[in-house]
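What follows is work_35.cif (mmCIF, C-alpha atoms).
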data_structure
#
loop_
_atom_site.label_atom_id
_atom_site.label_comp_id
_atom_site.auth_asym_id
_atom_site.auth_seq_id
_atom_site.Cartn_x
_atom_site.Cartn_y
_atom_site.Cartn_z
CA MET A 24 13.62 -67.05 -25.14
CA LYS A 25 14.94 -70.40 -26.36
CA GLU A 26 14.10 -73.38 -24.20
CA ASN A 27 17.71 -74.13 -23.18
CA ALA A 28 19.38 -70.74 -23.73
CA GLY A 29 20.82 -70.90 -20.20
CA ASN A 30 21.77 -74.56 -20.46
CA PRO A 31 23.13 -75.09 -24.00
CA LEU A 32 24.64 -78.51 -23.19
CA HIS A 33 21.48 -79.71 -21.36
CA LEU A 34 23.43 -80.45 -18.16
CA THR A 35 21.53 -82.04 -15.29
CA SER A 36 23.98 -82.45 -12.41
CA LEU A 37 27.57 -82.94 -11.33
CA ASN A 38 28.48 -86.59 -12.00
CA HIS A 39 31.95 -87.02 -10.50
CA VAL A 40 35.20 -85.36 -9.53
CA SER A 41 38.42 -87.04 -10.65
CA LEU A 42 41.45 -86.77 -8.38
CA LEU A 43 45.05 -87.86 -8.93
CA CYS A 44 46.48 -89.53 -5.86
CA ARG A 45 49.68 -91.08 -4.59
CA SER A 46 47.97 -94.04 -2.93
CA ILE A 47 44.57 -95.37 -4.00
CA GLU A 48 44.25 -97.27 -0.71
CA GLU A 49 45.01 -94.26 1.52
CA SER A 50 42.64 -92.02 -0.45
CA MET A 51 39.88 -94.64 -0.38
CA VAL A 52 40.13 -94.90 3.40
CA PHE A 53 39.92 -91.09 3.69
CA TYR A 54 36.90 -90.68 1.40
CA GLN A 55 35.09 -93.58 3.08
CA THR A 56 35.82 -92.85 6.75
CA VAL A 57 35.89 -89.04 6.69
CA LEU A 58 33.33 -88.16 4.00
CA GLY A 59 31.11 -91.25 3.95
CA PHE A 60 31.61 -92.33 0.33
CA PHE A 61 31.40 -96.03 -0.58
CA PRO A 62 33.32 -97.93 -3.27
CA ILE A 63 31.53 -98.86 -6.48
CA ARG A 64 32.54 -101.03 -9.41
CA ARG A 65 34.70 -99.52 -12.17
CA PRO A 66 34.41 -100.65 -15.77
CA GLU A 67 36.86 -103.47 -16.42
CA SER A 68 37.93 -101.80 -19.66
CA LEU A 69 39.80 -99.14 -17.67
CA ASN A 70 43.38 -100.34 -17.87
CA PHE A 71 44.90 -98.06 -15.23
CA GLU A 72 44.94 -98.13 -11.44
CA GLY A 73 42.08 -96.33 -9.79
CA ALA A 74 38.92 -96.61 -7.73
CA TRP A 75 35.44 -95.19 -7.93
CA LEU A 76 33.46 -94.11 -4.91
CA PHE A 77 29.95 -92.71 -4.65
CA GLY A 78 28.06 -90.68 -2.08
CA HIS A 79 25.95 -87.58 -1.59
CA GLY A 80 24.76 -87.76 -5.19
CA ILE A 81 28.21 -87.57 -6.80
CA GLY A 82 31.14 -89.81 -7.61
CA ILE A 83 34.77 -89.48 -6.66
CA HIS A 84 37.11 -91.14 -9.15
CA LEU A 85 40.55 -91.76 -7.72
CA LEU A 86 43.32 -92.13 -10.27
CA ARG A 87 46.77 -93.33 -9.27
CA SER A 88 49.29 -90.83 -10.52
CA SER A 89 51.89 -92.29 -12.88
CA GLU A 90 54.39 -89.92 -11.24
CA PRO A 91 53.27 -89.61 -7.61
CA GLU A 92 56.54 -87.94 -6.61
CA LYS A 93 55.64 -85.03 -8.92
CA LEU A 94 52.25 -84.34 -7.32
CA PRO A 95 52.38 -81.01 -5.47
CA LYS A 96 52.70 -81.27 -1.71
CA LYS A 97 50.33 -78.80 -0.07
CA THR A 98 50.62 -78.15 3.61
CA GLU A 99 48.97 -74.76 4.06
CA ILE A 100 45.18 -74.87 4.13
CA ASN A 101 44.12 -71.96 1.93
CA PRO A 102 40.33 -71.45 1.52
CA LYS A 103 41.05 -69.62 -1.75
CA ASP A 104 42.60 -72.75 -3.32
CA ASN A 105 40.81 -75.26 -5.59
CA HIS A 106 38.36 -77.32 -3.57
CA ILE A 107 35.13 -79.27 -3.56
CA SER A 108 32.44 -78.25 -1.09
CA PHE A 109 29.86 -80.36 0.73
CA GLN A 110 26.76 -79.12 2.52
CA CYS A 111 26.27 -80.57 6.00
CA GLU A 112 23.51 -80.85 8.59
CA SER A 113 25.54 -79.69 11.61
CA MET A 114 28.74 -77.66 11.53
CA SER A 115 29.41 -78.36 15.21
CA ALA A 116 29.14 -82.12 14.61
CA VAL A 117 31.57 -81.87 11.66
CA GLU A 118 34.06 -79.84 13.69
CA LYS A 119 33.84 -82.28 16.60
CA LYS A 120 34.40 -85.25 14.25
CA LEU A 121 37.40 -83.59 12.54
CA GLU A 122 38.94 -82.96 15.96
CA GLU A 123 38.32 -86.58 17.01
CA MET A 124 39.97 -87.78 13.79
CA GLU A 125 42.86 -85.32 14.36
CA ILE A 126 42.35 -83.70 10.97
CA GLU A 127 43.80 -80.21 10.74
CA TYR A 128 41.30 -77.67 9.44
CA VAL A 129 40.78 -73.94 8.98
CA ARG A 130 37.54 -72.19 9.83
CA ALA A 131 36.10 -69.34 7.75
CA ILE A 132 32.91 -67.30 7.84
CA VAL A 133 31.05 -65.60 5.00
CA GLU A 134 28.49 -62.93 5.88
CA GLU A 135 25.96 -61.42 3.51
CA GLY A 136 22.86 -59.43 4.38
CA GLY A 137 22.73 -60.67 7.96
CA ILE A 138 23.21 -64.30 6.92
CA GLN A 139 26.28 -66.12 8.21
CA VAL A 140 27.76 -69.15 6.49
CA ASP A 141 30.30 -71.25 8.36
CA GLN A 142 33.00 -73.11 6.48
CA LEU A 143 35.62 -75.68 7.47
CA PHE A 144 38.50 -76.44 5.08
CA PHE A 145 40.89 -79.40 5.22
CA HIS A 146 43.00 -81.54 2.90
CA ASP A 147 42.64 -85.09 1.67
CA PRO A 148 45.80 -87.28 1.81
CA ASP A 149 47.10 -85.71 -1.41
CA GLY A 150 46.49 -82.11 -0.45
CA PHE A 151 43.23 -81.63 -2.36
CA MET A 152 41.03 -79.20 -0.44
CA ILE A 153 37.67 -80.20 1.00
CA GLU A 154 35.17 -77.66 2.31
CA ILE A 155 32.26 -78.47 4.60
CA CYS A 156 29.71 -75.70 4.98
CA ASN A 157 26.19 -74.69 5.86
CA CYS A 158 25.99 -72.76 2.59
CA ASP A 159 22.34 -73.66 2.08
CA SER A 160 21.43 -70.67 4.25
CA LEU A 161 22.99 -68.31 1.69
CA PRO A 162 20.52 -67.63 -1.12
CA VAL A 163 21.46 -68.06 -4.76
CA VAL A 164 20.61 -64.72 -6.39
CA PRO A 165 21.04 -64.41 -10.16
CA LEU A 166 22.96 -61.30 -11.21
CA ILE A 167 20.23 -60.43 -13.71
CA GLY A 168 16.56 -61.20 -13.19
CA GLY A 169 15.17 -64.15 -11.32
CA MET A 170 14.53 -64.48 -7.65
CA ALA A 171 16.58 -65.66 -4.69
CA ARG A 172 16.46 -69.35 -3.77
CA SER A 173 18.38 -71.53 -1.37
CA CYS A 174 21.17 -73.66 -2.89
CA SER A 175 19.26 -76.91 -2.41
CA ARG A 176 16.19 -75.60 -4.23
CA VAL A 177 17.85 -74.06 -7.28
CA LYS A 178 17.00 -75.59 -10.62
CA LEU A 179 18.85 -74.04 -13.52
CA HIS A 180 15.83 -74.15 -15.81
CA GLN A 181 13.77 -72.20 -13.25
CA MET A 182 16.14 -69.25 -13.17
CA VAL A 183 15.56 -66.45 -15.63
CA GLN A 184 18.40 -66.40 -18.15
CA PRO A 185 18.90 -63.30 -20.30
CA GLN A 186 19.54 -63.72 -24.02
CA PRO A 187 23.26 -63.45 -24.85
CA GLN A 188 24.29 -60.06 -26.20
CA THR A 189 26.75 -61.59 -28.66
CA GLN A 190 26.26 -64.45 -31.04
CA ILE A 191 28.34 -67.58 -30.83
CA HIS A 192 29.43 -68.93 -34.19
CA GLN A 193 30.27 -72.56 -34.75
CA VAL A 194 33.81 -73.13 -35.96
CA VAL A 195 33.98 -75.70 -38.73
CA GLN A 196 37.36 -77.27 -39.30
CA PRO A 197 38.34 -77.98 -42.94
#
Would you mind writing the file's structure down as structure tokens?
Amino acid sequence: MKENAGNPLHLTSLNHVSLLCRSIEESMVFYQTVLGFFPIRRPESLNFEGAWLFGHGIGIHLLRSSEPEKLPKKTEINPKDNHISFQCESMSAVEKKLEEMEIEYVRAIVEEGGIQVDQLFFHDPDGFMIEICNCDSLPVVPLIGGMARSCSRVKLHQMVQPQPQTQIHQVVQP
């Protein structure tokens, strides 16, 4: 088996999530006060309005939409919509804090093999979905080979990766 057969691009982690927003200021307040991110310096060469925040090992890059009126307005909280998920220490503490902050949320539960995962879904100011969960209790089990591990202990290079059944050919443009 090739050394990086399961990781052809040699990825190491999620760096950031970029989000279009109507108001940089309103989104910054949300990501700082609700999710605990803190602002960091952006490169001065970026010649468009935005802000970078960092926390929990990842960045959030807020980009002011050039046409904010055209951003979709989402009101229904749908757990099956695009979202970013954060692991938490205490679901009850998160739920209590969301209620204190008067943030509307939807609760969901995933059950697998006697393990229950609790999820809370809510929107940021622009309707982007945020999930808070205790997903670490649900093991990550590769579909082929390997052994179960908790989410926080999974390292891609430790999981057994089968050789691809088809070959990938490089396309060379003339």
*asked:* Using only C-alpha atoms for the distances, tell me which of A:Val40, A:Leu58, A:Leu34, A:Cys156 is nearest to Lys120 (chain A).
replied: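 The answer is A:Leu58, which sits nearest to Lys120 (chain A).
Reported to one decimal place, the separation of CA of Ile83 (chain A) from CA of Leu42 (chain A) is 7.4 Å.
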_the PyMOL selection byres ((chain A and resi 105) around 8) - which residues does that actually catch in the file I just gave you? List them as a ChimeraX atom specification._
/A:103-104,106-107,151-152
*Nearest to Ser88 (chain A): which of A:Met114, A:Gly73, A:Met124, A:Leu161 is it, counting all atoms listed in the file?*
A:Gly73
How would you write, as a PDB file with C-alpha atoms, keeping the file's coordinate frame, the residues chosen by the PyMOL selection byres ((chain A and resi 136-150) around 9) on this structure?
ATOM      1  CA  LEU A  43      45.050 -87.860  -8.930  1.00  0.00           C
ATOM      2  CA  CYS A  44      46.480 -89.530  -5.860  1.00  0.00           C
ATOM      3  CA  ARG A  45      49.680 -91.080  -4.590  1.00  0.00           C
ATOM      4  CA  SER A  46      47.970 -94.040  -2.930  1.00  0.00           C
ATOM      5  CA  GLU A  49      45.010 -94.260   1.520  1.00  0.00           C
ATOM      6  CA  SER A  50      42.640 -92.020  -0.450  1.00  0.00           C
ATOM      7  CA  PHE A  53      39.920 -91.090   3.690  1.00  0.00           C
ATOM      8  CA  TYR A  54      36.900 -90.680   1.400  1.00  0.00           C
ATOM      9  CA  LEU A  94      52.250 -84.340  -7.320  1.00  0.00           C
ATOM     10  CA  PRO A  95      52.380 -81.010  -5.470  1.00  0.00           C
ATOM     11  CA  LYS A  96      52.700 -81.270  -1.710  1.00  0.00           C
ATOM     12  CA  LYS A  97      50.330 -78.800  -0.070  1.00  0.00           C
ATOM     13  CA  THR A  98      50.620 -78.150   3.610  1.00  0.00           C
ATOM     14  CA  GLU A  99      48.970 -74.760   4.060  1.00  0.00           C
ATOM     15  CA  ILE A 100      45.180 -74.870   4.130  1.00  0.00           C
ATOM     16  CA  ASN A 101      44.120 -71.960   1.930  1.00  0.00           C
ATOM     17  CA  PRO A 102      40.330 -71.450   1.520  1.00  0.00           C
ATOM     18  CA  HIS A 106      38.360 -77.320  -3.570  1.00  0.00           C
ATOM     19  CA  SER A 108      32.440 -78.250  -1.090  1.00  0.00           C
ATOM     20  CA  MET A 114      28.740 -77.660  11.530  1.00  0.00           C
ATOM     21  CA  VAL A 117      31.570 -81.870  11.660  1.00  0.00           C
ATOM     22  CA  GLU A 118      34.060 -79.840  13.690  1.00  0.00           C
ATOM     23  CA  ILE A 126      42.350 -83.700  10.970  1.00  0.00           C
ATOM     24  CA  GLU A 127      43.800 -80.210  10.740  1.00  0.00           C
ATOM     25  CA  TYR A 128      41.300 -77.670   9.440  1.00  0.00           C
ATOM     26  CA  VAL A 129      40.780 -73.940   8.980  1.00  0.00           C
ATOM     27  CA  ARG A 130      37.540 -72.190   9.830  1.00  0.00           C
ATOM     28  CA  ALA A 131      36.100 -69.340   7.750  1.00  0.00           C
ATOM     29  CA  ILE A 132      32.910 -67.300   7.840  1.00  0.00           C
ATOM     30  CA  VAL A 133      31.050 -65.600   5.000  1.00  0.00           C
ATOM     31  CA  GLU A 134      28.490 -62.930   5.880  1.00  0.00           C
ATOM     32  CA  GLU A 135      25.960 -61.420   3.510  1.00  0.00           C
ATOM     33  CA  PHE A 151      43.230 -81.630  -2.360  1.00  0.00           C
ATOM     34  CA  MET A 152      41.030 -79.200  -0.440  1.00  0.00           C
ATOM     35  CA  ILE A 153      37.670 -80.200   1.000  1.00  0.00           C
ATOM     36  CA  GLU A 154      35.170 -77.660   2.310  1.00  0.00           C
ATOM     37  CA  ILE A 155      32.260 -78.470   4.600  1.00  0.00           C
ATOM     38  CA  CYS A 156      29.710 -75.700   4.980  1.00  0.00           C
ATOM     39  CA  ASN A 157      26.190 -74.690   5.860  1.00  0.00           C
ATOM     40  CA  CYS A 158      25.990 -72.760   2.590  1.00  0.00           C
ATOM     41  CA  ASP A 159      22.340 -73.660   2.080  1.00  0.00           C
ATOM     42  CA  SER A 160      21.430 -70.670   4.250  1.00  0.00           C
ATOM     43  CA  LEU A 161      22.990 -68.310   1.690  1.00  0.00           C
TER      44      LEU A 161
END
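You will find CA of Met51 (chain A) at 8.8 Å from CA of Trp75 (chain A).
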*Closest to Phe77 (chain A) among A:His33, A:Lys119, A:Lys93, A:Arg65, using only C-alpha atoms?*
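Smallest distance to Phe77 (chain A) is found for A:Arg65.
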*Pick from A:Pro62, A:Val57, A:Leu85, A:Ala74: nearest to Glu123 (chain A), with all atoms listed in the file counted?*
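Using all atoms listed in the file, Glu123 (chain A) sits closest to A:Val57.
As for CA of Phe71 (chain A) and CA of Asn38 (chain A), they are spaced 20.3 Å apart.
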*Where does the PyMOL selection byres ((chain A and resi 36) around 12) land in this file, that is, which residues does it pick, as a ChimeraX atom specification?*
/A:30,32-35,37-40,80-82,177-179
*Tell me which of A:Ser41, A:Arg87, A:His79, A:Ile63 sits closest to Cys111 (chain A), counting all atoms listed in the file.*
A:His79
_Considering only C-alpha atoms, can you say which of A:Leu86, A:Leu76, A:Leu166, A:Ala28 comes closest to Thr56 (chain A)?_
A:Leu76
Mind working out the centre and edge lengths of an axis-aligned box for region 107-124 of chain A, all listed atoms inside, 3 Å added to each side, rounded to one decimal in Å and written as lines of an AutoDock Vina configuration file?
center_x = 31.7
center_y = -82.7
center_z = 6.7
size_x = 22.5
size_y = 16.1
size_z = 26.6
